Amino acid sequence: MNNNSITRHTLSVLVENAAGVLSQVSRLFSRKGYNIESLAVGATYDPTVSRITIEVLCDEAMICQIMNQLRKLFPVYSVQELLPERSIRRELVMFKVRAETAEARNEIIQIANIFRASIIDVSLKTLTLASIGNEVKDDAMQKLLESFGILEMVRTGIVALERGAYTLEDDTKEKAEFNLGKNVL
């Protein structure tokens, strides 16, 4: 494997919303020796379908192999790579920051305002902020908050959607496949 061709790839996978499906998908990655950089899962507008957003560092041949292997799994309805120029990517980050003085609290509030973060909890010694954005924004905010002392931090992982009228259902599967359990004529 040529390390020069290794890039970040974002996959959006529609799966059956059932117990054990996430385990099947993650086992596929571990069996093949691929490391998942980011993983986010949640129900879609259809409660019987979940969307898994997976980020993996690999080359073009590896991403094709991963996508083909995912498509073979029974509970997988659709797999699509989300290209950076055609998608919107976001993550939620929460920071619990030491803020023991009024001056520190004011400076942290100014940083939160600059990054359009929300202050979601206040105590006499800490402020907790929530930020939704891309990795570059979140990393920049983290660097500024480190000087105050980050007590805890959590990142959700990337979620992504294609821009404009593009949807997962458009090019990857027959429309009838999304009517699982329904009579389709």
# chains A, B, ... in the order shown; residues from 1 in each chain; ligands from 1
$ select_by_dssp --residues "region 16-185 of chain A" --states "strand (DSSP E or B)" --output "ChimeraX atom specification"
/A:16,36-43,49-58,76-81,87-98,118-122,126-133,150-155,159-162
$ residues_around --residues "region 64-80 of chain A" --least-positions-apart "4" --cutoff "6 Å" --atoms "only C-alpha atoms" --output "mmCIF file with C-alpha atoms, in the first residue's frame"
data_model
loop_
_atom_site.group_PDB
_atom_site.id
_atom_site.type_symbol
_atom_site.label_atom_id
_atom_site.label_comp_id
_atom_site.auth_asym_id
_atom_site.auth_seq_id
_atom_site.Cartn_x
_atom_site.Cartn_y
_atom_site.Cartn_z
ATOM 1 C CA LEU A 11 -19.085 6.713 3.485
ATOM 2 C CA SER A 12 -22.787 7.040 4.072
ATOM 3 C CA VAL A 13 -24.488 3.689 4.586
ATOM 4 C CA LEU A 14 -28.227 3.083 4.920
ATOM 5 C CA VAL A 15 -28.940 -0.053 6.947
ATOM 6 C CA GLU A 16 -31.799 -1.879 8.580
#
$ closest_atom_pairs --of "region 126-163 of chain A" --to "region 22-45 of chain A" --cutoff "7 Å" --atoms "only C-alpha atoms" --output "tab-separated table"
residue	atom	partner	partner_atom	distance
A:Thr156	CA	A:Ala40	CA	6.8
A:Gly157	CA	A:Ser38	CA	5.0
A:Ile158	CA	A:Ser38	CA	6.3
A:Val159	CA	A:Ala40	CA	6.3
$ closest_residue --among "A:Arg8, A:Arg105, A:Lys96, A:Arg90" --to "Leu57 (chain A)" --atoms "only C-alpha atoms"
A:Arg8
$ atom_distance --atom1 "CA of Glu152 (chain A)" --atom2 "CA of Phe95 (chain A)"
5.9 Å
$ residues_around --residues "region 108-111 of chain A" --least-positions-apart "5" --cutoff "8 Å" --atoms "only C-alpha atoms" --output "PyMOL selection string"
chain A and resi 99+119+127+141+144-145
$ write_last_selection --atoms "N, CA, C and O atoms" --output "mmCIF file, in the first residue's frame"
data_model
loop_
_atom_site.group_PDB
_atom_site.id
_atom_site.type_symbol
_atom_site.label_atom_id
_atom_site.label_comp_id
_atom_site.auth_asym_id
_atom_site.auth_seq_id
_atom_site.Cartn_x
_atom_site.Cartn_y
_atom_site.Cartn_z
ATOM 1 N N ALA A 99 -12.867 27.464 34.475
ATOM 2 C CA ALA A 99 -13.185 28.897 34.437
ATOM 3 C C ALA A 99 -13.418 29.370 35.872
ATOM 4 O O ALA A 99 -14.548 29.638 36.266
ATOM 5 N N ILE A 119 -22.969 28.024 25.084
ATOM 6 C CA ILE A 119 -22.618 27.693 26.456
ATOM 7 C C ILE A 119 -23.803 26.901 26.996
ATOM 8 O O ILE A 119 -24.920 27.411 27.072
ATOM 9 N N LEU A 127 -17.076 26.102 32.625
ATOM 10 C CA LEU A 127 -18.043 26.401 31.562
ATOM 11 C C LEU A 127 -18.024 25.215 30.613
ATOM 12 O O LEU A 127 -16.953 24.676 30.306
ATOM 13 N N MET A 141 -10.712 25.862 17.869
ATOM 14 C CA MET A 141 -11.342 26.217 19.145
ATOM 15 C C MET A 141 -10.675 25.458 20.291
ATOM 16 O O MET A 141 -10.407 26.027 21.358
ATOM 17 N N LEU A 144 -7.393 27.099 21.373
ATOM 18 C CA LEU A 144 -7.586 28.306 22.184
ATOM 19 C C LEU A 144 -8.048 27.976 23.604
ATOM 20 O O LEU A 144 -7.657 28.646 24.558
ATOM 21 N N LEU A 145 -8.857 26.951 23.751
ATOM 22 C CA LEU A 145 -9.380 26.601 25.070
ATOM 23 C C LEU A 145 -8.364 25.853 25.931
ATOM 24 O O LEU A 145 -8.484 25.839 27.157
#
$ residues_around --residues "Ser87 (chain A)" --least-positions-apart "5" --cutoff "8 Å" --atoms "only C-alpha atoms" --output "list in words"
Leu82, Ala160, Leu161, Glu162 and Arg163 of chain A
$ atom_distance --atom1 "CA of Val93 (chain A)" --atom2 "CA of Glu81 (chain A)"
23.7 Å
